[in-house]
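Undergrad: One structure, pasted below without further comment.
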Amino acid sequence: MPDCRIEPLTGERDLDGVLEVEALSFNNPWTREMYTRELENRSVCHILVARTTEWTVAGFCSFWIVTDEMHINNVALRPECRGRGIGSALLRCAIDEAADLGARRTILEVRASNAPARRLYERLGFYVAGTRRNYYTAPVEDAVMLWRDSGRGDPAAARPCP
Ligand SMILES: CC(C)(COP(=O)(O)OP(=O)(O)OC[C@H]1O[C@@H](n2cnc3c(N)ncnc32)[C@H](O)[C@@H]1OP(=O)(O)O)[C@@H](O)C(=O)NCCC(=O)NCCS
């Protein structure tokens, strides 16, 4: 179990932390305006943040739940916080929360070349459902669509959420 707490995003300070992790992690980071719009629709949009002793927001996972489907939009950790199991804990927690809210399937897209993320998703039971040609820009790249069927994040693992 990694040394972190996983909680729903609350307030501007958390949003600042999410934007910082976005900027450190992606070529085309989501903007404050995009997140603000997302957060106006809290019945669909959910954001969990991972906190460590050093960081109020060490990482985050944002996802939608639409009817019985969970769509993971973004998951990222501060570079210095990667490789400690926090990304796995965040995803398990998000999948558990979505299952509690009625999600029966999880879907996401990932850059074809993003080996660390793809390994993580595979470990959590995702499988390849198809590809979207040239889905990403800067640089242009295919997206691999991954699905995961219903179930909790990992029945064998203790639930990481507080
Ligand atoms: C993808 C990402 C979220 C994974 O988060 P993470 O916290 O590094 O993931 P984990 O630590 O759970 O697992 C990653 C690796 O660390 C290893 N690990 C897990 N716990 C560990 C520990 N306590 N000590 C050392 N290594 C550990 C895992 O075995 C795994 O190794 P592997 O990739 O060789 O299989 C992170 O790399 C990231 O932020 N990437 C940039 C943004 C991104 O690409 N997001 C995905 C968009 S679709």
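Chain lettering (A, B, ...) mirrors the order of the structure tokens, residue numbering begins at 1 for each chain separately, and ligand numbering begins at 1 in order of display.
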Taking only C-alpha atoms and all ligand atoms and a cut-off of 8 Å, can you tell me which residues surround ligand 1, written as a ChimeraX atom specification?
TA: /A:1-2,22,25-26,59,73-79,81-89,108-111,114-120,123
Undergrad: Using C-alpha atoms, can you write the selected residues to a file as a PDB file, in the first residue's frame?
TA:
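Output saved as selection-v4.pdb:
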ATOM      1  CA  MET A   1       0.000   0.000   0.000  1.00  0.00           C
ATOM      2  CA  PRO A   2       1.656   3.294  -1.042  1.00  0.00           C
ATOM      3  CA  GLU A  22      -1.153  18.278 -15.841  1.00  0.00           C
ATOM      4  CA  SER A  25       2.779  15.364 -17.447  1.00  0.00           C
ATOM      5  CA  PHE A  26       1.197  16.222 -20.804  1.00  0.00           C
ATOM      6  CA  GLY A  59      -1.448  13.026  -8.577  1.00  0.00           C
ATOM      7  CA  ASN A  73     -10.121  11.052 -18.903  1.00  0.00           C
ATOM      8  CA  ASN A  74      -6.795  11.615 -17.206  1.00  0.00           C
ATOM      9  CA  VAL A  75      -4.519  10.049 -14.655  1.00  0.00           C
ATOM     10  CA  ALA A  76      -1.123  11.501 -13.791  1.00  0.00           C
ATOM     11  CA  LEU A  77       1.427  11.750 -11.005  1.00  0.00           C
ATOM     12  CA  ARG A  78       4.111  14.304 -10.316  1.00  0.00           C
ATOM     13  CA  PRO A  79       7.265  12.826 -11.896  1.00  0.00           C
ATOM     14  CA  CYS A  81       5.976  10.478  -7.190  1.00  0.00           C
ATOM     15  CA  ARG A  82       5.837   7.871  -9.974  1.00  0.00           C
ATOM     16  CA  GLY A  83       6.831   4.219  -9.526  1.00  0.00           C
ATOM     17  CA  ARG A  84       5.608   4.047  -5.926  1.00  0.00           C
ATOM     18  CA  GLY A  85       2.255   2.409  -6.557  1.00  0.00           C
ATOM     19  CA  ILE A  86       0.269   5.634  -6.241  1.00  0.00           C
ATOM     20  CA  GLY A  87      -1.058   5.510  -9.827  1.00  0.00           C
ATOM     21  CA  SER A  88      -2.327   1.949  -9.262  1.00  0.00           C
ATOM     22  CA  ALA A  89      -3.954   2.941  -5.970  1.00  0.00           C
ATOM     23  CA  LEU A 108     -10.106   4.943 -21.782  1.00  0.00           C
ATOM     24  CA  GLU A 109      -7.700   5.961 -24.526  1.00  0.00           C
ATOM     25  CA  VAL A 110      -3.931   5.943 -24.210  1.00  0.00           C
ATOM     26  CA  ARG A 111      -1.125   6.942 -26.542  1.00  0.00           C
ATOM     27  CA  ASN A 114       2.886   5.188 -23.517  1.00  0.00           C
ATOM     28  CA  ALA A 115       4.386   1.956 -22.236  1.00  0.00           C
ATOM     29  CA  PRO A 116       4.305   2.728 -18.465  1.00  0.00           C
ATOM     30  CA  ALA A 117       0.616   3.632 -18.570  1.00  0.00           C
ATOM     31  CA  ARG A 118      -0.279   0.650 -20.758  1.00  0.00           C
ATOM     32  CA  ARG A 119       1.542  -1.739 -18.370  1.00  0.00           C
ATOM     33  CA  LEU A 120      -0.355  -0.258 -15.451  1.00  0.00           C
ATOM     34  CA  ARG A 123      -2.082  -5.070 -14.667  1.00  0.00           C
TER      35      ARG A 123
END
Undergrad: Could you check how far CA of Cys45 (chain A) sits from CA of Leu124 (chain A), in Å to one decimal?
TA: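 According to the coordinates, CA of Cys45 (chain A) and CA of Leu124 (chain A) are separated by 21.7 Å.
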Undergrad: When you look at Asp16 (chain A) with a cut-off of 12 Å (counting only C-alpha atoms), what residues show up, excluding the ones that are within fewer than 6 positions of it in the same chain? I need them as a count of residues only.
TA: 17
Undergrad: Please give the complete set of residues from region 35-140 of chain A that DSSP, run on the backbone, assigns to helix (DSSP H, G or I), formatted as a count of residues only.
TA: 32
Undergrad: Considering only C-alpha atoms, state which residue in the set A:Ala103, A:Ala112, A:Leu39, A:Ala138 is at the smallest distance from Gly151 (chain A).
TA: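 Of the candidates, the smallest distance to Gly151 (chain A) is held by A:Ala103.
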Undergrad: Rounded to one decimal, what separation in Å do you get between CA of Arg51 (chain A) and CA of Pro8 (chain A)?
TA: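 Spanning CA of Arg51 (chain A) to CA of Pro8 (chain A) is a straight-line distance of 10.5 Å.
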Undergrad: A:Val44, A:Ile6, A:Ile65, A:Val140: which is nearest Gly102 (chain A), counting only C-alpha atoms?
TA: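 Closest to Gly102 (chain A) of all the choices is A:Ile65.
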Undergrad: Taking only C-alpha atoms into account, name the residue in A:Ala99, A:Val21, A:Arg152, A:Tyr136 that is nearest to Glu80 (chain A).
TA: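 The answer is A:Val21, which sits nearest to Glu80 (chain A).
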Undergrad: Based on the backbone DSSP call, show me all residues of region 39-162 of chain A assigned strand (DSSP E), as number ranges by chain.
TA: A: 45-51, 59-66, 69-77, 105-111, 127-136, 141-149
Undergrad: Tell me which of A:Asn28, A:Arg92, A:Thr67, A:Glu20 sits closest to Pro139 (chain A), counting only C-alpha atoms.
TA: A:Asn28
Undergrad: Can you work out which one of A:Ala143, A:Glu122, A:Gly130, A:Met70 has the shortest atom-to-atom distance to Asp100 (chain A), counting only C-alpha atoms?
TA: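 Closest to Asp100 (chain A), using only C-alpha atoms: A:Met70.
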Undergrad: Using only C-alpha atoms, which of A:Arg13, A:Arg42, A:Arg133, A:Arg104 sits nearest Asp149 (chain A)?
TA: A:Arg104
Undergrad: Which residues come within 9 Å of Tyr127 (chain A), counting only C-alpha atoms, excluding same-chain residues fewer than 5 positions away, as JSON, numbers by chain?
TA: {"A": [121, 122, 145, 146, 147, 148]}
